[in-house]
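*Asks:* Provided below: target-v4.cif, containing mmCIF, N, CA, C and O atoms.
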data_model
loop_
_atom_site.label_atom_id
_atom_site.label_comp_id
_atom_site.auth_asym_id
_atom_site.auth_seq_id
_atom_site.Cartn_x
_atom_site.Cartn_y
_atom_site.Cartn_z
N THR A 1 -44.16 -14.00 6.65
CA THR A 1 -43.65 -15.30 7.06
C THR A 1 -43.46 -15.40 8.58
O THR A 1 -42.88 -16.35 9.05
N TYR A 2 -43.95 -14.43 9.31
CA TYR A 2 -43.80 -14.46 10.77
C TYR A 2 -44.40 -15.70 11.40
O TYR A 2 -43.76 -16.31 12.26
N PRO A 3 -45.61 -16.16 11.00
CA PRO A 3 -46.14 -17.37 11.63
C PRO A 3 -45.25 -18.59 11.44
O PRO A 3 -45.11 -19.41 12.34
N VAL A 4 -44.63 -18.72 10.29
CA VAL A 4 -43.76 -19.86 10.03
C VAL A 4 -42.43 -19.67 10.76
O VAL A 4 -41.91 -20.59 11.37
N GLY A 5 -41.89 -18.47 10.72
CA GLY A 5 -40.61 -18.21 11.37
C GLY A 5 -40.68 -18.20 12.88
O GLY A 5 -39.66 -18.34 13.55
N HIS A 6 -41.87 -18.06 13.44
CA HIS A 6 -42.04 -18.04 14.89
C HIS A 6 -41.87 -19.42 15.51
O HIS A 6 -41.58 -19.54 16.70
N MET A 7 -42.00 -20.46 14.73
CA MET A 7 -41.94 -21.83 15.24
C MET A 7 -40.63 -22.18 15.96
O MET A 7 -40.66 -22.80 17.02
N PRO A 8 -39.45 -21.78 15.45
CA PRO A 8 -38.22 -22.18 16.14
C PRO A 8 -38.03 -21.59 17.53
O PRO A 8 -37.37 -22.18 18.35
N TYR A 9 -38.58 -20.42 17.81
CA TYR A 9 -38.30 -19.79 19.10
C TYR A 9 -39.55 -19.42 19.89
O TYR A 9 -39.44 -19.00 21.04
N GLY A 10 -40.72 -19.56 19.34
CA GLY A 10 -41.95 -19.17 20.04
C GLY A 10 -42.17 -19.93 21.33
O GLY A 10 -42.71 -19.38 22.30
N TRP A 11 -41.74 -21.16 21.38
CA TRP A 11 -41.92 -21.97 22.59
C TRP A 11 -41.13 -21.41 23.76
O TRP A 11 -41.53 -21.58 24.91
N LEU A 12 -40.01 -20.71 23.50
CA LEU A 12 -39.24 -20.13 24.60
C LEU A 12 -40.02 -19.05 25.34
O LEU A 12 -39.93 -18.93 26.56
N THR A 13 -40.80 -18.29 24.60
CA THR A 13 -41.61 -17.24 25.22
C THR A 13 -42.66 -17.87 26.14
O THR A 13 -42.90 -17.40 27.25
N GLU A 14 -43.27 -18.94 25.68
CA GLU A 14 -44.32 -19.59 26.45
C GLU A 14 -43.79 -20.37 27.64
O GLU A 14 -44.45 -20.48 28.67
N ILE A 15 -42.59 -20.90 27.52
CA ILE A 15 -42.04 -21.74 28.58
C ILE A 15 -41.71 -20.93 29.84
O ILE A 15 -41.62 -21.48 30.93
N ARG A 16 -41.59 -19.62 29.69
CA ARG A 16 -41.29 -18.76 30.85
C ARG A 16 -42.40 -18.81 31.90
O ARG A 16 -42.17 -18.51 33.05
N ALA A 17 -43.60 -19.17 31.50
CA ALA A 17 -44.73 -19.21 32.43
C ALA A 17 -44.82 -20.51 33.22
O ALA A 17 -45.59 -20.61 34.17
N ILE A 18 -44.04 -21.51 32.85
CA ILE A 18 -44.16 -22.81 33.50
C ILE A 18 -43.58 -22.81 34.92
O ILE A 18 -44.22 -23.24 35.86
N TYR A 19 -42.35 -22.32 35.08
CA TYR A 19 -41.73 -22.38 36.40
C TYR A 19 -42.51 -21.60 37.46
O TYR A 19 -42.75 -22.13 38.55
N PRO A 20 -42.94 -20.36 37.20
CA PRO A 20 -43.69 -19.64 38.24
C PRO A 20 -44.98 -20.35 38.65
O PRO A 20 -45.42 -20.24 39.79
N ALA A 21 -45.58 -21.10 37.75
CA ALA A 21 -46.81 -21.82 38.08
C ALA A 21 -46.58 -22.92 39.11
O ALA A 21 -47.49 -23.26 39.88
N PHE A 22 -45.38 -23.47 39.15
CA PHE A 22 -45.08 -24.57 40.07
C PHE A 22 -44.13 -24.15 41.19
O PHE A 22 -43.71 -24.98 41.98
N ASP A 23 -43.80 -22.89 41.27
CA ASP A 23 -42.87 -22.41 42.29
C ASP A 23 -43.54 -22.33 43.65
O ASP A 23 -44.52 -21.61 43.83
N LYS A 24 -43.03 -23.05 44.62
CA LYS A 24 -43.60 -23.07 45.97
C LYS A 24 -43.37 -21.75 46.71
O LYS A 24 -44.07 -21.42 47.65
N ASN A 25 -42.36 -20.97 46.31
CA ASN A 25 -42.04 -19.70 46.97
C ASN A 25 -42.83 -18.53 46.41
O ASN A 25 -42.73 -17.42 46.92
N ASN A 26 -43.59 -18.76 45.35
CA ASN A 26 -44.36 -17.70 44.71
C ASN A 26 -45.76 -17.67 45.34
O ASN A 26 -46.54 -18.60 45.15
N PRO A 27 -46.12 -16.63 46.09
CA PRO A 27 -47.43 -16.61 46.76
C PRO A 27 -48.61 -16.55 45.79
O PRO A 27 -49.70 -16.97 46.14
N SER A 28 -48.40 -16.09 44.58
CA SER A 28 -49.51 -16.04 43.62
C SER A 28 -49.70 -17.37 42.89
O SER A 28 -50.63 -17.53 42.11
N SER A 29 -48.82 -18.33 43.15
CA SER A 29 -48.93 -19.64 42.52
C SER A 29 -50.09 -20.42 43.10
O SER A 29 -50.26 -20.52 44.31
N LYS A 30 -50.89 -20.99 42.24
CA LYS A 30 -52.03 -21.80 42.68
C LYS A 30 -51.59 -23.18 43.13
O LYS A 30 -52.35 -23.92 43.70
N MET A 31 -50.34 -23.51 42.87
CA MET A 31 -49.82 -24.82 43.23
C MET A 31 -49.16 -24.83 44.61
O MET A 31 -48.64 -25.83 45.04
N VAL A 32 -49.19 -23.71 45.33
CA VAL A 32 -48.50 -23.60 46.61
C VAL A 32 -49.03 -24.61 47.62
O VAL A 32 -48.27 -25.27 48.32
N ASN A 33 -50.32 -24.76 47.70
CA ASN A 33 -50.91 -25.64 48.71
C ASN A 33 -51.06 -27.08 48.24
O ASN A 33 -51.50 -27.93 49.00
N SER A 34 -50.70 -27.36 47.01
CA SER A 34 -50.83 -28.73 46.52
C SER A 34 -49.51 -29.48 46.70
O SER A 34 -48.45 -28.88 46.88
N ASN A 35 -49.58 -30.76 46.67
CA ASN A 35 -48.37 -31.59 46.75
C ASN A 35 -47.92 -31.92 45.34
O ASN A 35 -47.99 -33.05 44.90
N SER A 36 -47.47 -30.91 44.63
CA SER A 36 -47.07 -31.06 43.24
C SER A 36 -45.74 -31.80 43.14
O SER A 36 -44.76 -31.39 43.76
N PRO A 37 -45.70 -32.86 42.36
CA PRO A 37 -44.44 -33.58 42.19
C PRO A 37 -43.54 -32.95 41.13
O PRO A 37 -42.53 -33.51 40.77
N VAL A 38 -43.90 -31.77 40.61
CA VAL A 38 -43.11 -31.13 39.56
C VAL A 38 -41.91 -30.43 40.18
O VAL A 38 -42.04 -29.63 41.09
N THR A 39 -40.72 -30.76 39.67
CA THR A 39 -39.48 -30.18 40.17
C THR A 39 -38.79 -29.42 39.04
O THR A 39 -39.24 -29.46 37.89
N LYS A 40 -37.70 -28.76 39.37
CA LYS A 40 -36.93 -28.06 38.35
C LYS A 40 -36.40 -29.04 37.31
O LYS A 40 -36.30 -28.71 36.13
N THR A 41 -36.08 -30.25 37.73
CA THR A 41 -35.60 -31.27 36.80
C THR A 41 -36.68 -31.63 35.79
O THR A 41 -36.40 -31.78 34.60
N HIS A 42 -37.92 -31.75 36.24
CA HIS A 42 -39.03 -32.04 35.33
C HIS A 42 -39.18 -30.91 34.31
O HIS A 42 -39.38 -31.17 33.12
N ILE A 43 -39.09 -29.69 34.79
CA ILE A 43 -39.25 -28.54 33.89
C ILE A 43 -38.08 -28.48 32.90
O ILE A 43 -38.26 -28.19 31.72
N LYS A 44 -36.88 -28.80 33.36
CA LYS A 44 -35.72 -28.81 32.47
C LYS A 44 -35.87 -29.88 31.39
O LYS A 44 -35.58 -29.63 30.22
N ARG A 45 -36.34 -31.06 31.76
CA ARG A 45 -36.58 -32.12 30.77
C ARG A 45 -37.67 -31.71 29.78
O ARG A 45 -37.56 -31.97 28.59
N PHE A 46 -38.72 -31.10 30.28
CA PHE A 46 -39.81 -30.65 29.41
C PHE A 46 -39.30 -29.58 28.44
O PHE A 46 -39.63 -29.60 27.25
N THR A 47 -38.45 -28.69 28.92
CA THR A 47 -37.87 -27.66 28.06
C THR A 47 -37.00 -28.28 26.98
O THR A 47 -37.07 -27.88 25.81
N PHE A 48 -36.21 -29.27 27.34
CA PHE A 48 -35.39 -29.96 26.35
C PHE A 48 -36.27 -30.66 25.31
O PHE A 48 -35.98 -30.63 24.12
N PHE A 49 -37.36 -31.29 25.76
CA PHE A 49 -38.28 -31.94 24.84
C PHE A 49 -38.88 -30.92 23.87
O PHE A 49 -39.01 -31.20 22.68
N CYS A 50 -39.25 -29.75 24.37
CA CYS A 50 -39.79 -28.71 23.49
C CYS A 50 -38.78 -28.28 22.44
O CYS A 50 -39.12 -28.08 21.28
N MET A 51 -37.52 -28.15 22.86
CA MET A 51 -36.47 -27.79 21.91
C MET A 51 -36.30 -28.87 20.85
O MET A 51 -36.20 -28.58 19.66
N ALA A 52 -36.28 -30.14 21.27
CA ALA A 52 -36.12 -31.24 20.32
C ALA A 52 -37.30 -31.31 19.36
O ALA A 52 -37.11 -31.53 18.15
N LEU A 53 -38.51 -31.12 19.86
CA LEU A 53 -39.69 -31.13 19.00
C LEU A 53 -39.65 -29.97 18.01
O LEU A 53 -39.93 -30.15 16.82
N SER A 54 -39.27 -28.79 18.48
CA SER A 54 -39.16 -27.63 17.60
C SER A 54 -38.13 -27.86 16.51
O SER A 54 -38.37 -27.57 15.33
N LEU A 55 -36.98 -28.38 16.88
CA LEU A 55 -35.93 -28.64 15.90
C LEU A 55 -36.38 -29.68 14.87
O LEU A 55 -36.17 -29.50 13.66
N THR A 56 -37.04 -30.73 15.32
CA THR A 56 -37.52 -31.77 14.41
C THR A 56 -38.55 -31.20 13.43
O THR A 56 -38.47 -31.44 12.22
N LEU A 57 -39.51 -30.45 13.96
CA LEU A 57 -40.52 -29.86 13.08
C LEU A 57 -39.90 -28.88 12.09
O LEU A 57 -40.31 -28.84 10.92
N CYS A 58 -38.94 -28.11 12.55
CA CYS A 58 -38.27 -27.16 11.65
C CYS A 58 -37.55 -27.89 10.52
O CYS A 58 -37.63 -27.46 9.36
N PHE A 59 -36.87 -28.97 10.84
CA PHE A 59 -36.19 -29.71 9.78
C PHE A 59 -37.19 -30.34 8.81
O PHE A 59 -36.97 -30.32 7.61
N VAL A 60 -38.27 -30.88 9.31
CA VAL A 60 -39.27 -31.47 8.42
C VAL A 60 -39.91 -30.41 7.53
O VAL A 60 -40.04 -30.58 6.32
N VAL A 61 -40.29 -29.30 8.13
CA VAL A 61 -41.00 -28.26 7.37
C VAL A 61 -40.06 -27.47 6.47
O VAL A 61 -40.37 -27.21 5.31
N PHE A 62 -38.89 -27.07 6.96
CA PHE A 62 -38.04 -26.16 6.20
C PHE A 62 -37.03 -26.85 5.29
O PHE A 62 -36.57 -26.26 4.33
N TRP A 63 -36.68 -28.10 5.58
CA TRP A 63 -35.65 -28.77 4.79
C TRP A 63 -36.21 -29.81 3.82
O TRP A 63 -35.48 -30.30 2.97
N THR A 64 -37.47 -30.18 3.96
CA THR A 64 -38.09 -31.08 2.99
C THR A 64 -38.47 -30.26 1.76
O THR A 64 -39.16 -29.24 1.90
N PRO A 65 -38.04 -30.66 0.58
CA PRO A 65 -38.33 -29.87 -0.62
C PRO A 65 -39.83 -29.60 -0.80
O PRO A 65 -40.65 -30.50 -0.62
N THR A 66 -40.15 -28.40 -1.13
CA THR A 66 -41.49 -27.87 -1.45
C THR A 66 -42.47 -27.77 -0.28
O THR A 66 -43.54 -27.22 -0.44
N VAL A 67 -42.11 -28.28 0.90
CA VAL A 67 -43.05 -28.20 2.03
C VAL A 67 -43.19 -26.76 2.50
O VAL A 67 -44.31 -26.26 2.68
N SER A 68 -42.07 -26.07 2.71
CA SER A 68 -42.18 -24.69 3.18
C SER A 68 -42.84 -23.79 2.13
O SER A 68 -43.61 -22.90 2.48
N GLU A 69 -42.56 -24.05 0.85
CA GLU A 69 -43.21 -23.27 -0.19
C GLU A 69 -44.72 -23.47 -0.19
O GLU A 69 -45.49 -22.51 -0.34
N LYS A 70 -45.15 -24.72 -0.01
CA LYS A 70 -46.59 -24.99 0.03
C LYS A 70 -47.26 -24.29 1.21
O LYS A 70 -48.36 -23.76 1.08
N ILE A 71 -46.60 -24.29 2.35
CA ILE A 71 -47.16 -23.61 3.52
C ILE A 71 -47.26 -22.11 3.25
O ILE A 71 -48.29 -21.49 3.53
N LEU A 72 -46.19 -21.55 2.71
CA LEU A 72 -46.18 -20.11 2.45
C LEU A 72 -47.22 -19.71 1.41
O LEU A 72 -47.92 -18.71 1.56
N ILE A 73 -47.36 -20.49 0.36
CA ILE A 73 -48.27 -20.14 -0.74
C ILE A 73 -49.71 -20.51 -0.40
O ILE A 73 -50.62 -19.67 -0.51
N ASP A 74 -49.95 -21.75 0.01
CA ASP A 74 -51.32 -22.24 0.19
C ASP A 74 -51.95 -21.80 1.50
O ASP A 74 -53.14 -21.50 1.54
N ILE A 75 -51.20 -21.78 2.58
CA ILE A 75 -51.79 -21.48 3.88
C ILE A 75 -51.68 -19.99 4.22
O ILE A 75 -52.65 -19.36 4.61
N ILE A 76 -50.47 -19.43 4.05
CA ILE A 76 -50.28 -18.03 4.41
C ILE A 76 -50.72 -17.11 3.29
O ILE A 76 -51.23 -16.02 3.54
N GLY A 77 -50.55 -17.52 2.05
CA GLY A 77 -51.07 -16.76 0.92
C GLY A 77 -50.09 -15.78 0.28
O GLY A 77 -50.53 -14.78 -0.29
N VAL A 78 -48.80 -16.06 0.35
CA VAL A 78 -47.84 -15.19 -0.34
C VAL A 78 -47.70 -15.66 -1.79
O VAL A 78 -48.08 -16.78 -2.13
N ASP A 79 -47.16 -14.80 -2.65
CA ASP A 79 -47.01 -15.20 -4.06
C ASP A 79 -45.79 -16.11 -4.23
O ASP A 79 -44.94 -16.23 -3.35
N ASP A 80 -45.71 -16.74 -5.38
CA ASP A 80 -44.68 -17.74 -5.64
C ASP A 80 -43.26 -17.17 -5.56
O ASP A 80 -42.36 -17.81 -5.01
N ASP A 81 -43.05 -15.97 -6.10
CA ASP A 81 -41.72 -15.38 -6.10
C ASP A 81 -41.24 -15.06 -4.69
O ASP A 81 -40.09 -15.31 -4.33
N PHE A 82 -42.14 -14.53 -3.87
CA PHE A 82 -41.78 -14.21 -2.50
C PHE A 82 -41.51 -15.49 -1.70
O PHE A 82 -40.59 -15.54 -0.89
N ALA A 83 -42.30 -16.53 -1.92
CA ALA A 83 -42.09 -17.80 -1.23
C ALA A 83 -40.73 -18.38 -1.57
O ALA A 83 -40.04 -18.91 -0.70
N ALA A 84 -40.32 -18.25 -2.83
CA ALA A 84 -39.00 -18.76 -3.24
C ALA A 84 -37.88 -18.00 -2.52
O ALA A 84 -36.86 -18.60 -2.17
N LEU A 85 -38.07 -16.71 -2.30
CA LEU A 85 -37.06 -15.92 -1.60
C LEU A 85 -36.98 -16.26 -0.11
O LEU A 85 -35.95 -16.02 0.52
N CYS A 86 -38.05 -16.80 0.45
CA CYS A 86 -38.10 -17.08 1.89
C CYS A 86 -37.50 -18.43 2.27
O CYS A 86 -37.25 -18.67 3.46
N VAL A 87 -37.27 -19.30 1.33
CA VAL A 87 -36.83 -20.67 1.64
C VAL A 87 -35.48 -20.69 2.37
O VAL A 87 -35.35 -21.31 3.43
N ILE A 88 -34.48 -20.03 1.85
CA ILE A 88 -33.15 -20.06 2.45
C ILE A 88 -33.15 -19.41 3.84
O ILE A 88 -32.61 -19.99 4.79
N PRO A 89 -33.75 -18.22 4.03
CA PRO A 89 -33.78 -17.66 5.38
C PRO A 89 -34.49 -18.56 6.39
O PRO A 89 -34.07 -18.67 7.54
N LEU A 90 -35.56 -19.23 5.97
CA LEU A 90 -36.26 -20.13 6.89
C LEU A 90 -35.40 -21.34 7.25
O LEU A 90 -35.45 -21.83 8.38
N ARG A 91 -34.62 -21.82 6.32
CA ARG A 91 -33.71 -22.93 6.62
C ARG A 91 -32.65 -22.51 7.63
O ARG A 91 -32.32 -23.26 8.54
N ILE A 92 -32.12 -21.32 7.46
CA ILE A 92 -31.14 -20.81 8.42
C ILE A 92 -31.81 -20.61 9.78
O ILE A 92 -31.26 -20.95 10.82
N PHE A 93 -33.02 -20.08 9.75
CA PHE A 93 -33.76 -19.80 10.97
C PHE A 93 -34.14 -21.07 11.73
O PHE A 93 -34.40 -21.03 12.93
N SER A 94 -34.14 -22.22 11.05
CA SER A 94 -34.52 -23.47 11.71
C SER A 94 -33.54 -23.86 12.82
O SER A 94 -33.90 -24.62 13.71
N PHE A 95 -32.33 -23.32 12.80
CA PHE A 95 -31.34 -23.65 13.83
C PHE A 95 -31.50 -22.79 15.08
O PHE A 95 -30.82 -23.03 16.07
N PHE A 96 -32.37 -21.81 15.06
CA PHE A 96 -32.52 -20.92 16.21
C PHE A 96 -33.01 -21.65 17.45
O PHE A 96 -32.73 -21.22 18.56
N SER A 97 -33.75 -22.73 17.30
CA SER A 97 -34.20 -23.45 18.49
C SER A 97 -33.02 -24.05 19.25
O SER A 97 -33.05 -24.12 20.47
N CYS A 98 -31.97 -24.44 18.54
CA CYS A 98 -30.77 -24.98 19.21
C CYS A 98 -29.96 -23.88 19.87
O CYS A 98 -29.46 -24.05 20.97
N THR A 99 -29.83 -22.76 19.20
CA THR A 99 -29.03 -21.69 19.76
C THR A 99 -29.75 -21.00 20.91
O THR A 99 -29.11 -20.42 21.78
N SER A 100 -31.07 -21.09 20.91
CA SER A 100 -31.85 -20.45 21.98
C SER A 100 -31.86 -21.28 23.25
O SER A 100 -31.99 -20.76 24.34
N TYR A 101 -31.76 -22.59 23.10
CA TYR A 101 -31.82 -23.47 24.27
C TYR A 101 -30.42 -23.74 24.79
O TYR A 101 -29.52 -24.11 24.06
N SER A 102 -30.24 -23.56 26.05
CA SER A 102 -29.00 -23.94 26.73
C SER A 102 -29.31 -24.03 28.21
O SER A 102 -30.38 -23.65 28.65
N SER A 103 -28.38 -24.52 28.97
CA SER A 103 -28.63 -24.58 30.41
C SER A 103 -28.75 -23.19 30.99
O SER A 103 -29.48 -22.97 31.95
N SER A 104 -28.06 -22.23 30.40
CA SER A 104 -28.17 -20.86 30.91
C SER A 104 -29.57 -20.30 30.64
O SER A 104 -30.05 -19.47 31.40
N THR A 105 -30.21 -20.74 29.56
CA THR A 105 -31.59 -20.32 29.29
C THR A 105 -32.49 -20.79 30.42
O THR A 105 -33.30 -20.02 30.94
N PHE A 106 -32.34 -22.03 30.82
CA PHE A 106 -33.17 -22.54 31.92
C PHE A 106 -32.86 -21.79 33.20
O PHE A 106 -33.76 -21.44 33.96
N ASP A 107 -31.58 -21.55 33.45
CA ASP A 107 -31.21 -20.80 34.66
C ASP A 107 -31.85 -19.42 34.68
O ASP A 107 -32.31 -18.96 35.71
N ARG A 108 -31.88 -18.75 33.53
CA ARG A 108 -32.52 -17.44 33.45
C ARG A 108 -34.01 -17.57 33.72
O ARG A 108 -34.60 -16.72 34.36
N LEU A 109 -34.63 -18.63 33.19
CA LEU A 109 -36.07 -18.83 33.42
C LEU A 109 -36.36 -18.98 34.91
O LEU A 109 -37.29 -18.40 35.44
N VAL A 110 -35.52 -19.74 35.59
CA VAL A 110 -35.74 -20.01 37.01
C VAL A 110 -35.37 -18.79 37.86
O VAL A 110 -36.07 -18.46 38.80
N ASN A 111 -34.30 -18.12 37.50
CA ASN A 111 -33.82 -17.01 38.32
C ASN A 111 -34.54 -15.70 38.07
O ASN A 111 -34.46 -14.79 38.88
N ASP A 112 -35.27 -15.56 36.94
CA ASP A 112 -36.00 -14.34 36.65
C ASP A 112 -37.24 -14.20 37.50
O ASP A 112 -37.79 -13.13 37.64
N THR A 113 -37.71 -15.29 38.09
CA THR A 113 -38.96 -15.24 38.87
C THR A 113 -38.68 -14.97 40.32
O THR A 113 -37.61 -15.09 40.81
#
Kindly return the structure encoded in the file as structure tokens.
*Replies:*
Amino acid sequence: TYPVGHMPYGWLTEIRAIYPAFDKNNPSSKMVNSNSPVTKTHIKRFTFFCMALSLTLCFVVFWTPTVSEKILIDIIGVDDDFAALCVIPLRIFSFFSCTSYSSSTFDRLVNDT
């Protein structure tokens, strides 16, 4: 169930690459010589949008009856009994996108580079 469970927090791993790409102080950034209108505020809004999209998708997929089971059985290929056991943990896991996102998360993204 890793592909399904990765949805709530996978975007956080990918979002770490956004700030360095637009950082004017990073010499390896290809955006250094361009007049990029992207600011930290834009990146913070984009990060919030990613969190909201992740949370919405998690609620649709994990909390709508039989949707998560169909994904687990038909797409991933697990058996019916195992899919039934995965429903409750996936519902709990759907809240991880909220707990993972905070202003301190963005600060860590910006300050780690």
*Asks:* Which value, in Å to one decimal, gives the distance between CA of Ser94 in chain A and CA of Cys58 in chain A?
*Replies:*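 Between CA of Ser94 in chain A and CA of Cys58 in chain A the gap works out to 5.3 Å.
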*Asks:* Apply the PyMOL selection byres (((chain A and resi 43-47 and name CA) around 9) and name CA) to the file shown and report the selected residues as a VMD selection string.
*Replies:* chain A and resid 11 to 12 15 18 to 19 38 to 42 48 to 52 101 103 106
*Asks:* On this structure, which residues satisfy the PyMOL selection byres ((chain A and resi 91) around 8), written as a ChimeraX atom specification?
*Replies:* /A:58-59,61-63,86-90,92-96
*Asks:* What's the separation between CA of Val67 in chain A and atom N of Glu14 in chain A, in Å to one decimal place?
*Replies:*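 Straight-line distance from CA of Val67 in chain A to atom N of Glu14 in chain A works out to 25.4 Å.
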*Asks:* Can you sort out the box for range 64-82 of chain A, edges along x, y and z, all listed atoms in, 6 Å on every side, with centre and edge lengths in Å to one decimal, as lines of an AutoDock Vina configuration file?
*Replies:*
center_x = -45.3
center_y = -22.6
center_z = -0.7
size_x = 27.7
size_y = 28.9
size_z = 22.7
*Asks:* Distance atom O of Ser68 in chain A-CA of Tyr9 in chain A, one decimal place?
*Replies:*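 These atoms are spaced 17.7 Å apart.
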*Asks:* Got a sec to tell me which of range 50-94 of chain A DSSP assigns to helix (DSSP H, G or I), as a count of residues only?
*Replies:* 38
